[in-house]
file run24.pdb (PDB, C-alpha atoms)
MODEL        1
ATOM      1  CA  MET A  10      21.318 101.864-175.166
ATOM      2  CA  ASN A  11      24.956 101.540-176.124
ATOM      3  CA  ILE A  12      26.723 104.232-174.074
ATOM      4  CA  GLY A  13      30.207 105.196-175.217
ATOM      5  CA  ILE A  14      32.760 106.545-172.750
ATOM      6  CA  ILE A  15      35.840 108.290-174.126
ATOM      7  CA  THR A  16      38.655 107.293-171.775
ATOM      8  CA  VAL A  17      42.267 106.126-171.794
ATOM      9  CA  ARG A  18      41.576 103.906-168.754
ATOM     10  CA  ASP A  19      40.346 100.299-168.719
ATOM     11  CA  ARG A  20      37.241  98.798-167.134
ATOM     12  CA  ASN A  21      38.914  98.483-163.735
ATOM     13  CA  TYR A  22      39.090 102.279-163.369
ATOM     14  CA  HIS A  23      36.441 103.227-160.807
ATOM     15  CA  PRO A  24      34.161 105.471-162.926
ATOM     16  CA  ASN A  25      34.315 103.094-165.905
ATOM     17  CA  ARG A  26      33.582 100.045-163.773
ATOM     18  CA  ARG A  27      30.743 101.668-161.867
ATOM     19  CA  LEU A  28      29.100 103.157-164.966
ATOM     20  CA  ALA A  29      29.323  99.796-166.736
ATOM     21  CA  GLU A  30      27.735  98.066-163.724
ATOM     22  CA  ALA A  31      24.970 100.651-163.516
ATOM     23  CA  ALA A  32      24.256 100.454-167.243
ATOM     24  CA  SER A  33      24.064  96.659-167.110
ATOM     25  CA  GLU A  34      21.629  96.812-164.191
ATOM     26  CA  GLN A  35      19.347  99.015-166.295
ATOM     27  CA  GLY A  36      19.566  96.807-169.380
ATOM     28  CA  HIS A  37      22.114  98.922-171.236
ATOM     29  CA  ARG A  38      25.793  98.545-172.011
ATOM     30  CA  VAL A  39      28.949 100.621-171.938
ATOM     31  CA  THR A  40      31.565 100.692-174.696
ATOM     32  CA  LEU A  41      34.947 102.203-173.822
ATOM     33  CA  VAL A  42      36.326 104.424-176.572
ATOM     34  CA  HIS A  43      40.107 104.819-176.374
ATOM     35  CA  PRO A  44      40.904 108.150-178.096
ATOM     36  CA  TYR A  45      44.277 106.882-179.339
ATOM     37  CA  ARG A  46      42.848 103.698-180.863
ATOM     38  CA  VAL A  47      39.945 105.191-182.806
ATOM     39  CA  TRP A  48      40.594 107.616-185.668
ATOM     40  CA  PRO A  49      38.244 110.034-187.446
ATOM     41  CA  VAL A  50      37.848 109.708-191.202
ATOM     42  CA  LEU A  51      36.246 112.042-193.755
ATOM     43  CA  GLU A  52      35.323 109.892-196.712
ATOM     44  CA  ARG A  53      32.950 110.470-199.644
ATOM     45  CA  GLY A  54      31.430 113.475-197.970
ATOM     46  CA  ARG A  55      30.624 111.808-194.665
ATOM     47  CA  PRO A  56      32.335 111.352-191.286
ATOM     48  CA  THR A  57      33.203 107.840-190.146
ATOM     49  CA  LEU A  58      35.781 106.098-187.946
ATOM     50  CA  VAL A  59      38.501 103.488-188.241
ATOM     51  CA  GLY A  60      40.106 101.439-185.494
ATOM     52  CA  HIS A  61      37.889  99.674-182.990
ATOM     53  CA  SER A  62      34.752  98.354-184.664
ATOM     54  CA  GLY A  63      31.223  99.186-183.588
ATOM     55  CA  MET A  64      31.781 102.863-182.832
ATOM     56  CA  ASP A  65      29.034 103.904-185.256
ATOM     57  CA  ALA A  66      26.580 101.802-183.224
ATOM     58  CA  LEU A  67      26.909 104.062-180.174
ATOM     59  CA  ASP A  68      23.714 105.797-179.075
ATOM     60  CA  VAL A  69      25.387 108.472-176.942
ATOM     61  CA  VAL A  70      28.931 109.395-175.884
ATOM     62  CA  LEU A  71      30.289 110.651-172.548
ATOM     63  CA  PRO A  72      33.721 112.268-173.007
ATOM     64  CA  ARG A  73      35.678 111.447-169.831
ATOM     65  CA  GLN A  74      39.360 111.812-170.638
ATOM     66  CA  GLY A  75      39.738 114.552-168.040
ATOM     67  CA  ALA A  76      41.962 117.597-167.808
ATOM     68  CA  THR A  77      44.731 116.000-169.863
ATOM     69  CA  ILE A  78      42.545 116.023-172.965
ATOM     70  CA  GLY A  79      44.361 117.228-176.081
ATOM     71  CA  ASP A  80      43.448 118.506-179.506
ATOM     72  CA  SER A  81      43.297 115.024-181.042
ATOM     73  CA  CYS A  82      40.611 113.928-178.587
ATOM     74  CA  LEU A  83      38.703 117.166-179.132
ATOM     75  CA  ALA A  84      38.694 116.315-182.840
ATOM     76  CA  LEU A  85      37.270 112.879-182.014
ATOM     77  CA  ILE A  86      34.542 114.429-179.865
ATOM     78  CA  ARG A  87      33.621 116.769-182.711
ATOM     79  CA  HIS A  88      33.562 113.802-185.070
ATOM     80  CA  PHE A  89      31.015 111.900-182.982
ATOM     81  CA  SER A  90      28.817 114.981-183.102
ATOM     82  CA  LEU A  91      29.146 115.158-186.895
ATOM     83  CA  MET A  92      28.113 111.499-187.046
ATOM     84  CA  GLY A  93      24.877 112.443-185.274
ATOM     85  CA  ILE A  94      25.802 110.761-181.995
ATOM     86  CA  PRO A  95      24.750 112.908-179.008
ATOM     87  CA  LEU A  96      27.376 114.067-176.517
ATOM     88  CA  VAL A  97      26.794 114.388-172.785
ATOM     89  CA  ASN A  98      28.841 117.574-172.319
ATOM     90  CA  ASP A  99      29.435 119.060-175.731
ATOM     91  CA  LEU A 100      32.647 120.144-177.410
ATOM     92  CA  ASP A 101      32.329 123.831-176.517
ATOM     93  CA  SER A 102      31.812 123.182-172.802
ATOM     94  CA  ILE A 103      34.700 120.708-172.696
ATOM     95  CA  ARG A 104      37.057 123.024-174.553
ATOM     96  CA  LEU A 105      36.136 125.785-172.096
ATOM     97  CA  THR A 106      36.418 123.832-168.848
ATOM     98  CA  LYS A 107      39.686 122.098-169.672
ATOM     99  CA  ASN A 108      41.214 125.565-169.205
ATOM    100  CA  LYS A 109      40.935 126.800-165.627
ATOM    101  CA  PHE A 110      41.303 130.482-166.460
ATOM    102  CA  LEU A 111      38.772 130.472-169.297
ATOM    103  CA  THR A 112      36.411 128.796-166.845
ATOM    104  CA  LEU A 113      36.976 131.486-164.207
ATOM    105  CA  GLN A 114      36.471 134.210-166.825
ATOM    106  CA  THR A 115      33.141 132.665-167.818
ATOM    107  CA  LEU A 116      32.013 132.371-164.200
ATOM    108  CA  THR A 117      32.952 135.981-163.545
ATOM    109  CA  GLY A 118      30.965 137.017-166.607
ATOM    110  CA  ALA A 119      27.976 135.203-165.059
ATOM    111  CA  ARG A 120      28.508 137.130-161.792
ATOM    112  CA  ILE A 121      29.602 134.036-159.895
ATOM    113  CA  GLU A 122      32.245 134.639-157.233
ATOM    114  CA  VAL A 123      35.727 133.201-157.911
ATOM    115  CA  PRO A 124      39.039 133.586-156.028
ATOM    116  CA  GLU A 125      41.134 136.667-156.750
ATOM    117  CA  THR A 126      43.242 135.531-159.690
ATOM    118  CA  VAL A 127      45.946 136.909-161.951
ATOM    119  CA  PHE A 128      46.792 135.140-165.206
ATOM    120  CA  ILE A 129      50.508 135.406-166.043
ATOM    121  CA  ASN A 130      52.824 134.339-168.844
ATOM    122  CA  SER A 131      56.148 135.866-167.759
ATOM    123  CA  SER A 132      58.325 136.325-164.676
ATOM    124  CA  GLU A 133      57.539 140.056-164.710
ATOM    125  CA  GLY A 134      53.856 139.232-164.564
ATOM    126  CA  PHE A 135      54.531 136.898-161.644
ATOM    127  CA  GLN A 136      55.921 139.752-159.548
ATOM    128  CA  GLU A 137      53.007 142.006-160.504
ATOM    129  CA  ALA A 138      50.575 139.266-159.493
ATOM    130  CA  ILE A 139      52.152 138.845-156.046
ATOM    131  CA  GLU A 140      51.940 142.579-155.392
ATOM    132  CA  ARG A 141      48.368 142.755-156.673
ATOM    133  CA  LEU A 142      47.303 139.896-154.378
ATOM    134  CA  GLY A 143      48.883 141.459-151.298
ATOM    135  CA  GLY A 144      52.159 139.547-151.119
ATOM    136  CA  TYR A 145      53.118 136.027-150.088
ATOM    137  CA  PRO A 146      51.882 133.363-149.846
ATOM    138  CA  VAL A 147      50.071 132.777-153.129
ATOM    139  CA  VAL A 148      48.892 129.662-154.931
ATOM    140  CA  VAL A 149      50.020 128.873-158.461
ATOM    141  CA  LYS A 150      48.017 126.574-160.714
ATOM    142  CA  GLN A 151      48.575 125.087-164.121
ATOM    143  CA  ILE A 152      45.935 125.942-166.719
ATOM    144  CA  SER A 153      45.018 122.252-166.891
ATOM    145  CA  GLY A 154      45.610 119.715-164.133
ATOM    146  CA  ARG A 155      44.019 116.758-162.423
ATOM    147  CA  GLN A 156      43.745 115.304-158.928
ATOM    148  CA  GLY A 157      45.595 118.181-157.274
ATOM    149  CA  GLU A 158      48.565 118.072-159.650
ATOM    150  CA  GLY A 159      50.173 121.319-160.756
ATOM    151  CA  ILE A 160      49.059 123.297-157.687
ATOM    152  CA  ILE A 161      51.948 124.929-155.818
ATOM    153  CA  LEU A 162      52.192 127.094-152.708
ATOM    154  CA  VAL A 163      54.598 129.989-153.302
ATOM    155  CA  GLU A 164      55.982 131.651-150.171
ATOM    156  CA  THR A 165      59.332 133.211-151.126
ATOM    157  CA  ASN A 166      61.270 134.787-153.999
ATOM    158  CA  ASP A 167      63.194 131.519-154.328
ATOM    159  CA  ASP A 168      59.859 129.724-154.860
ATOM    160  CA  VAL A 169      59.028 132.191-157.617
ATOM    161  CA  GLU A 170      62.300 131.447-159.387
ATOM    162  CA  SER A 171      61.823 127.678-159.224
ATOM    163  CA  VAL A 172      58.190 127.834-160.365
ATOM    164  CA  THR A 173      59.097 130.160-163.224
ATOM    165  CA  ARG A 174      61.928 127.884-164.287
ATOM    166  CA  ASP A 175      60.102 124.559-163.951
ATOM    167  CA  HIS A 176      56.448 125.319-164.661
ATOM    168  CA  LEU A 177      55.943 128.526-166.633
ATOM    169  CA  ASP A 178      55.237 127.944-170.313
ATOM    170  CA  ARG A 179      54.635 131.348-171.900
ATOM    171  CA  ARG A 180      52.305 129.792-174.479
ATOM    172  CA  LYS A 181      50.022 128.381-171.777
ATOM    173  CA  GLY A 182      50.489 130.678-168.786
ATOM    174  CA  LEU A 183      49.780 130.110-165.098
ATOM    175  CA  LEU A 184      47.124 131.172-162.604
ATOM    176  CA  VAL A 185      48.255 133.010-159.474
ATOM    177  CA  GLN A 186      45.640 133.183-156.719
ATOM    178  CA  SER A 187      45.231 134.417-153.182
ATOM    179  CA  PHE A 188      46.002 131.737-150.619
ATOM    180  CA  ILE A 189      43.172 130.713-148.306
ATOM    181  CA  PRO A 190      44.622 128.740-145.356
ATOM    182  CA  PRO A 191      43.019 125.353-144.575
ATOM    183  CA  ALA A 192      42.181 126.429-141.006
ATOM    184  CA  GLY A 193      38.601 127.677-141.004
ATOM    185  CA  ARG A 194      38.127 126.824-144.686
ATOM    186  CA  GLN A 195      35.632 124.437-146.249
ATOM    187  CA  ASP A 196      36.357 122.631-149.520
ATOM    188  CA  ILE A 197      33.240 121.206-151.147
ATOM    189  CA  ARG A 198      32.721 119.127-154.303
ATOM    190  CA  VAL A 199      29.207 119.192-155.738
ATOM    191  CA  LEU A 200      28.140 116.791-158.475
ATOM    192  CA  VAL A 201      25.615 118.350-160.824
ATOM    193  CA  VAL A 202      23.706 116.113-163.245
ATOM    194  CA  GLY A 203      21.052 117.518-165.552
ATOM    195  CA  GLY A 204      20.621 120.752-163.624
ATOM    196  CA  LYS A 205      20.335 119.058-160.224
ATOM    197  CA  ALA A 206      22.838 118.729-157.381
ATOM    198  CA  ILE A 207      22.728 114.972-156.809
ATOM    199  CA  GLY A 208      25.379 114.833-154.074
ATOM    200  CA  ALA A 209      28.042 116.796-152.246
ATOM    201  CA  MET A 210      31.045 116.029-150.083
ATOM    202  CA  GLU A 211      33.434 118.001-147.934
ATOM    203  CA  LEU A 212      37.138 117.402-148.429
ATOM    204  CA  ARG A 213      40.014 117.956-146.022
ATOM    205  CA  PRO A 214      43.705 118.326-146.906
ATOM    206  CA  LYS A 215      45.953 115.614-145.551
ATOM    207  CA  GLU A 216      48.345 116.563-142.752
ATOM    208  CA  GLY A 217      50.988 119.009-143.954
ATOM    209  CA  ASP A 218      49.251 119.788-147.260
ATOM    210  CA  PHE A 219      46.962 122.638-148.283
ATOM    211  CA  ARG A 220      45.292 120.902-151.246
ATOM    212  CA  ALA A 221      41.897 119.336-150.650
ATOM    213  CA  ASN A 222      41.488 116.473-153.107
ATOM    214  CA  PHE A 223      40.101 112.986-152.537
ATOM    215  CA  HIS A 224      42.861 111.395-154.620
ATOM    216  CA  LEU A 225      45.450 112.951-152.288
ATOM    217  CA  SER A 226      43.829 112.558-148.871
ATOM    218  CA  LYS A 227      41.453 109.602-149.459
ATOM    219  CA  GLU A 228      39.106 111.338-147.032
ATOM    220  CA  SER A 229      35.638 112.697-147.723
ATOM    221  CA  ARG A 230      32.476 113.189-145.758
ATOM    222  CA  PHE A 231      28.853 113.942-146.551
ATOM    223  CA  LYS A 232      28.008 117.611-147.022
ATOM    224  CA  ASP A 233      24.504 118.977-146.611
ATOM    225  CA  LEU A 234      24.561 122.001-148.896
ATOM    226  CA  SER A 235      23.042 125.301-147.899
ATOM    227  CA  PRO A 236      20.545 126.772-150.396
ATOM    228  CA  GLU A 237      23.167 129.370-151.361
ATOM    229  CA  GLN A 238      25.861 126.750-151.984
ATOM    230  CA  GLU A 239      23.523 124.629-154.084
ATOM    231  CA  LYS A 240      22.411 127.613-156.145
ATOM    232  CA  ILE A 241      26.006 128.672-156.808
ATOM    233  CA  ALA A 242      26.980 125.155-157.913
ATOM    234  CA  LEU A 243      24.004 124.877-160.268
ATOM    235  CA  ASN A 244      24.645 128.327-161.709
ATOM    236  CA  ALA A 245      28.314 127.482-162.264
ATOM    237  CA  ALA A 246      27.512 124.293-164.193
ATOM    238  CA  SER A 247      24.948 126.164-166.266
ATOM    239  CA  ALA A 248      27.313 129.065-166.984
ATOM    240  CA  VAL A 249      29.911 126.782-168.583
ATOM    241  CA  GLY A 250      27.294 124.669-170.354
ATOM    242  CA  LEU A 251      27.879 121.317-168.635
ATOM    243  CA  GLU A 252      25.183 118.697-168.139
ATOM    244  CA  ILE A 253      27.425 116.646-165.847
ATOM    245  CA  ALA A 254      29.847 118.671-163.741
ATOM    246  CA  GLY A 255      31.964 118.496-160.633
ATOM    247  CA  VAL A 256      31.806 121.971-159.111
ATOM    248  CA  ASP A 257      34.455 122.786-156.521
ATOM    249  CA  LEU A 258      33.482 125.387-153.934
ATOM    250  CA  ILE A 259      35.632 126.997-151.303
ATOM    251  CA  VAL A 260      34.118 128.695-148.251
ATOM    252  CA  ASP A 261      36.386 131.014-146.272
ATOM    253  CA  LYS A 262      36.170 131.746-142.569
ATOM    254  CA  LYS A 263      33.779 134.633-143.287
ATOM    255  CA  ASP A 264      31.421 132.185-145.055
ATOM    256  CA  ARG A 265      32.065 133.691-148.478
ATOM    257  CA  VAL A 266      31.556 131.072-151.190
ATOM    258  CA  SER A 267      33.687 130.996-154.331
ATOM    259  CA  VAL A 268      33.873 128.555-157.222
ATOM    260  CA  ILE A 269      37.462 127.448-157.772
ATOM    261  CA  GLU A 270      36.960 124.946-160.594
ATOM    262  CA  VAL A 271      34.367 123.179-162.730
ATOM    263  CA  ASN A 272      35.261 119.702-164.008
ATOM    264  CA  TYR A 273      33.583 118.153-167.057
ATOM    265  CA  SER A 274      34.553 114.547-166.183
ATOM    266  CA  PRO A 275      34.385 114.331-162.387
ATOM    267  CA  GLY A 276      35.320 111.183-160.555
ATOM    268  CA  PHE A 277      32.782 110.047-157.980
ATOM    269  CA  ASN A 278      34.488 107.416-155.834
ATOM    270  CA  GLY A 279      34.853 109.788-152.898
ATOM    271  CA  LEU A 280      31.283 110.993-153.324
ATOM    272  CA  GLU A 281      29.877 107.462-153.223
ATOM    273  CA  VAL A 282      31.974 106.773-150.109
ATOM    274  CA  ALA A 283      30.863 109.992-148.395
ATOM    275  CA  THR A 284      27.158 109.882-149.258
ATOM    276  CA  GLY A 285      26.394 106.187-149.640
ATOM    277  CA  LEU A 286      24.566 107.094-152.854
ATOM    278  CA  ASP A 287      24.757 105.117-156.081
ATOM    279  CA  ILE A 288      26.088 107.972-158.181
ATOM    280  CA  ALA A 289      26.701 105.806-161.237
ATOM    281  CA  ILE A 290      23.062 104.739-161.491
ATOM    282  CA  ARG A 291      21.937 108.365-161.301
ATOM    283  CA  ILE A 292      24.250 109.313-164.167
ATOM    284  CA  VAL A 293      23.076 106.390-166.307
ATOM    285  CA  LYS A 294      19.409 107.127-165.618
ATOM    286  CA  TYR A 295      19.939 110.758-166.644
ATOM    287  CA  VAL A 296      21.684 109.749-169.870
ATOM    288  CA  VAL A 297      18.980 107.221-170.773
ATOM    289  CA  SER A 298      16.040 109.495-169.916
ATOM    290  CA  THR A 299      17.561 112.423-171.820
ATOM    291  CA  TYR A 300      19.014 110.697-174.879
ATOM    292  CA  GLY A 301      17.204 107.364-175.127
ATOM    293  CA  SER A 302      14.887 106.608-178.053
ATOM    294  CA  GLY A 303      16.201 109.551-180.075
ATOM    295  CA  LYS A 304      14.969 112.176-177.618
ATOM    296  CA  LYS A 305      17.755 114.558-178.637
TER     297      LYS A 305
ENDMDL
END
call {"tool": "encode", "arguments": {"input": "run24.pdb", "output": "structure tokens"}}
result
Amino acid sequence: MNIGIITVRDRNYHPNRRLAEAASEQGHRVTLVHPYRVWPVLERGRPTLVGHSGMDALDVVLPRQGATIGDSCLALIRHFSLMGIPLVNDLDSIRLTKNKFLTLQTLTGARIEVPETVFINSSEGFQEAIERLGGYPVVVKQISGRQGEGIILVETNDDVESVTRDHLDRRKGLLVQSFIPPAGRQDIRVLVVGGKAIGAMELRPKEGDFRANFHLSKESRFKDLSPEQEKIALNAASAVGLEIAGVDLIVDKKDRVSVIEVNYSPGFNGLEVATGLDIAIRIVKYVVSTYGSGKK
């Protein structure tokens, strides 16, 4: 199979390199599709592409641009679908999960626990959110962000003013959430592939930080999921329609489990380090078994 990966990164980027290695080991190949070097065309009643050659020879496409994905890349993803090339994570699920609040709304609709959250788009709403959540501190998050970026701890009125000034775009809004201190908290990333939890790791914030993210702390360790945690992660991926998903769980000191985010293009460097598993080969095997030989 010729497996396309939509990405702005080169082959040295960990997921791209590992997926290419895994594909090669299984007798397949990976083609990187740069979304700003391939352009959709509608010509003579049919969709095609210009730019890099060979794109129409792809057997399946994995969109992996991440949270920074914009409308032009969404158009490209839609175009591959129109060309009859299967997508691993379809346009609707990607459009949904690139927005953190739409994701939380969907999870809530599926009766999956999420942190107490207020969506705001004005300074007045910010004050209402703080009161609703019981006062300071609160956590503010951008609608779309990656690797712990755009997540801010707000502890004072001065913090509110600076966040409003520097980060609040009324057209996009912000999430304001209850703060769960790191002490006594567990942060867990679960990788779901094809309806199965294929690995999990526990993350710890680095000293002096409250954000648990492998790209920030470079620390991860194997996590043996409880049946409840596994079920919640699988239900979360299913609720947003993702075949491949990184589901982030947070467990408070009372052992209550909430889903804080679902990622459609999860990295897996930290997970391979923590578990010793070959995550890339599991992803490739799923893609080949599901989409090989015109199965879908």
call {"tool": "resolve_selection", "arguments": {"input": "run24.pdb", "expression": "the PyMOL selection byres ((chain A and resi 79) around 12)", "output": "NGL selection string"}}
result
:A and (44-45 or 74-78 or 80-86 or 103-104 or 107-108 or 153)
call {"tool": "write_last_selection", "arguments": {"input": "run24.pdb", "atoms": "C-alpha atoms", "output": "CSV table (one decimal), keeping the file's coordinate frame"}}
result
chain,number,residue,atom,x,y,z
A,44,PRO,CA,40.9,108.2,-178.1
A,45,TYR,CA,44.3,106.9,-179.3
A,74,GLN,CA,39.4,111.8,-170.6
A,75,GLY,CA,39.7,114.6,-168.0
A,76,ALA,CA,42.0,117.6,-167.8
A,77,THR,CA,44.7,116.0,-169.9
A,78,ILE,CA,42.5,116.0,-173.0
A,80,ASP,CA,43.4,118.5,-179.5
A,81,SER,CA,43.3,115.0,-181.0
A,82,CYS,CA,40.6,113.9,-178.6
A,83,LEU,CA,38.7,117.2,-179.1
A,84,ALA,CA,38.7,116.3,-182.8
A,85,LEU,CA,37.3,112.9,-182.0
A,86,ILE,CA,34.5,114.4,-179.9
A,103,ILE,CA,34.7,120.7,-172.7
A,104,ARG,CA,37.1,123.0,-174.6
A,107,LYS,CA,39.7,122.1,-169.7
A,108,ASN,CA,41.2,125.6,-169.2
A,153,SER,CA,45.0,122.3,-166.9
call {"tool": "closest_residue", "arguments": {"input": "run24.pdb", "among": "A:Val201, A:Met64, A:Leu58, A:Ile160", "to": "Phe188 (chain A)", "atoms": "all atoms listed in the file"}}
result
A:Ile160
call {"tool": "resolve_selection", "arguments": {"input": "run24.pdb", "expression": "the PyMOL selection byres ((chain A and resi 206) around 12)", "output": "number ranges by chain"}}
result
A: 198-205, 207-210, 232-236, 238-247, 252-256, 288, 291-292
call {"tool": "write_last_selection", "arguments": {"input": "run24.pdb", "atoms": "C-alpha atoms", "output": "PDB file, in the coordinates of the input"}}
result
ATOM      1  CA  ARG A 198      32.721 119.127-154.303  1.00  0.00           C
ATOM      2  CA  VAL A 199      29.207 119.192-155.738  1.00  0.00           C
ATOM      3  CA  LEU A 200      28.140 116.791-158.475  1.00  0.00           C
ATOM      4  CA  VAL A 201      25.615 118.350-160.824  1.00  0.00           C
ATOM      5  CA  VAL A 202      23.706 116.113-163.245  1.00  0.00           C
ATOM      6  CA  GLY A 203      21.052 117.518-165.552  1.00  0.00           C
ATOM      7  CA  GLY A 204      20.621 120.752-163.624  1.00  0.00           C
ATOM      8  CA  LYS A 205      20.335 119.058-160.224  1.00  0.00           C
ATOM      9  CA  ILE A 207      22.728 114.972-156.809  1.00  0.00           C
ATOM     10  CA  GLY A 208      25.379 114.833-154.074  1.00  0.00           C
ATOM     11  CA  ALA A 209      28.042 116.796-152.246  1.00  0.00           C
ATOM     12  CA  MET A 210      31.045 116.029-150.083  1.00  0.00           C
ATOM     13  CA  LYS A 232      28.008 117.611-147.022  1.00  0.00           C
ATOM     14  CA  ASP A 233      24.504 118.977-146.611  1.00  0.00           C
ATOM     15  CA  LEU A 234      24.561 122.001-148.896  1.00  0.00           C
ATOM     16  CA  SER A 235      23.042 125.301-147.899  1.00  0.00           C
ATOM     17  CA  PRO A 236      20.545 126.772-150.396  1.00  0.00           C
ATOM     18  CA  GLN A 238      25.861 126.750-151.984  1.00  0.00           C
ATOM     19  CA  GLU A 239      23.523 124.629-154.084  1.00  0.00           C
ATOM     20  CA  LYS A 240      22.411 127.613-156.145  1.00  0.00           C
ATOM     21  CA  ILE A 241      26.006 128.672-156.808  1.00  0.00           C
ATOM     22  CA  ALA A 242      26.980 125.155-157.913  1.00  0.00           C
ATOM     23  CA  LEU A 243      24.004 124.877-160.268  1.00  0.00           C
ATOM     24  CA  ASN A 244      24.645 128.327-161.709  1.00  0.00           C
ATOM     25  CA  ALA A 245      28.314 127.482-162.264  1.00  0.00           C
ATOM     26  CA  ALA A 246      27.512 124.293-164.193  1.00  0.00           C
ATOM     27  CA  SER A 247      24.948 126.164-166.266  1.00  0.00           C
ATOM     28  CA  GLU A 252      25.183 118.697-168.139  1.00  0.00           C
ATOM     29  CA  ILE A 253      27.425 116.646-165.847  1.00  0.00           C
ATOM     30  CA  ALA A 254      29.847 118.671-163.741  1.00  0.00           C
ATOM     31  CA  GLY A 255      31.964 118.496-160.633  1.00  0.00           C
ATOM     32  CA  VAL A 256      31.806 121.971-159.111  1.00  0.00           C
ATOM     33  CA  ILE A 288      26.088 107.972-158.181  1.00  0.00           C
ATOM     34  CA  ARG A 291      21.937 108.365-161.301  1.00  0.00           C
ATOM     35  CA  ILE A 292      24.250 109.313-164.167  1.00  0.00           C
TER      36      ILE A 292
END
call {"tool": "closest_residue", "arguments": {"input": "run24.pdb", "among": "A:Tyr295, A:Asp167, A:Ala138, A:Val123", "to": "Asp261 (chain A)", "atoms": "only C-alpha atoms"}}
result
A:Val123
call {"tool": "atom_distance", "arguments": {"input": "run24.pdb", "atom1": "CA of Pro275 (chain A)", "atom2": "CA of Glu228 (chain A)"}}
result
16.3 Å
call {"tool": "resolve_selection", "arguments": {"input": "run24.pdb", "expression": "the PyMOL selection byres ((chain A and resi 114-116) around 12)", "output": "ChimeraX atom specification"}}
result
/A:102,105-106,108-113,117-128,184,241-250,256,267-271
call {"tool": "atom_distance", "arguments": {"input": "run24.pdb", "atom1": "CA of Phe231 (chain A)", "atom2": "CA of Asp287 (chain A)"}}
result
13.6 Å
call {"tool": "residues_around", "arguments": {"input": "run24.pdb", "residues": "region 40-43 of chain A", "least_positions_apart": "5", "cutoff": "10 Å", "atoms": "all atoms listed in the file", "output": "PDB file with C-alpha atoms, in the frame of the given file"}}
result
ATOM      1  CA  ASN A  11      24.956 101.540-176.124  1.00  0.00           C
ATOM      2  CA  ILE A  12      26.723 104.232-174.074  1.00  0.00           C
ATOM      3  CA  GLY A  13      30.207 105.196-175.217  1.00  0.00           C
ATOM      4  CA  ILE A  14      32.760 106.545-172.750  1.00  0.00           C
ATOM      5  CA  ILE A  15      35.840 108.290-174.126  1.00  0.00           C
ATOM      6  CA  THR A  16      38.655 107.293-171.775  1.00  0.00           C
ATOM      7  CA  VAL A  17      42.267 106.126-171.794  1.00  0.00           C
ATOM      8  CA  ARG A  18      41.576 103.906-168.754  1.00  0.00           C
ATOM      9  CA  ASP A  19      40.346 100.299-168.719  1.00  0.00           C
ATOM     10  CA  ARG A  20      37.241  98.798-167.134  1.00  0.00           C
ATOM     11  CA  ASN A  25      34.315 103.094-165.905  1.00  0.00           C
ATOM     12  CA  ALA A  29      29.323  99.796-166.736  1.00  0.00           C
ATOM     13  CA  TRP A  48      40.594 107.616-185.668  1.00  0.00           C
ATOM     14  CA  GLY A  60      40.106 101.439-185.494  1.00  0.00           C
ATOM     15  CA  HIS A  61      37.889  99.674-182.990  1.00  0.00           C
ATOM     16  CA  GLY A  63      31.223  99.186-183.588  1.00  0.00           C
ATOM     17  CA  MET A  64      31.781 102.863-182.832  1.00  0.00           C
ATOM     18  CA  ALA A  66      26.580 101.802-183.224  1.00  0.00           C
ATOM     19  CA  LEU A  67      26.909 104.062-180.174  1.00  0.00           C
ATOM     20  CA  VAL A  70      28.931 109.395-175.884  1.00  0.00           C
ATOM     21  CA  LEU A  71      30.289 110.651-172.548  1.00  0.00           C
ATOM     22  CA  PRO A  72      33.721 112.268-173.007  1.00  0.00           C
ATOM     23  CA  ARG A  73      35.678 111.447-169.831  1.00  0.00           C
ATOM     24  CA  GLN A  74      39.360 111.812-170.638  1.00  0.00           C
ATOM     25  CA  CYS A  82      40.611 113.928-178.587  1.00  0.00           C
TER      26      CYS A  82
END
call {"tool": "closest_residue", "arguments": {"input": "run24.pdb", "among": "A:Leu183, A:Asp68, A:Asn278, A:Pro56", "to": "Arg87 (chain A)", "atoms": "all atoms listed in the file"}}
result
A:Pro56
call {"tool": "residues_around", "arguments": {"input": "run24.pdb", "residues": "Gln136 (chain A)", "least_positions_apart": "5", "cutoff": "10 Å", "atoms": "all atoms listed in the file", "output": "mmCIF file with C-alpha atoms, keeping the file's coordinate frame"}}
result
data_model
loop_
_atom_site.group_PDB
_atom_site.id
_atom_site.type_symbol
_atom_site.label_atom_id
_atom_site.label_comp_id
_atom_site.auth_asym_id
_atom_site.auth_seq_id
_atom_site.Cartn_x
_atom_site.Cartn_y
_atom_site.Cartn_z
ATOM 1 C CA ILE A 129 50.508 135.406 -166.043
ATOM 2 C CA SER A 131 56.148 135.866 -167.759
ATOM 3 C CA ARG A 141 48.368 142.755 -156.673
ATOM 4 C CA GLY A 144 52.159 139.547 -151.119
ATOM 5 C CA ASN A 166 61.270 134.787 -153.999
ATOM 6 C CA VAL A 169 59.028 132.191 -157.617
#
call {"tool": "closest_residue", "arguments": {"input": "run24.pdb", "among": "A:Ser298, A:Asn21, A:Ser274, A:Ser187", "to": "Glu164 (chain A)", "atoms": "only C-alpha atoms"}}
result
A:Ser187
call {"tool": "atom_distance", "arguments": {"input": "run24.pdb", "atom1": "CA of Ile161 (chain A)", "atom2": "CA of Val148 (chain A)"}}
result
5.7 Å
call {"tool": "residues_near_point", "arguments": {"input": "run24.pdb", "point": "(34.3, 115.9, -147.2)", "cutoff": "12 Å", "atoms": "all atoms listed in the file", "output": "ChimeraX atom specification"}}
result
/A:194-199,208-215,221-223,226-234,257-259,279-284
call {"tool": "closest_residue", "arguments": {"input": "run24.pdb", "among": "A:Leu286, A:Val163, A:Val147, A:Leu28", "to": "Ile189 (chain A)", "atoms": "only C-alpha atoms"}}
result
A:Val147
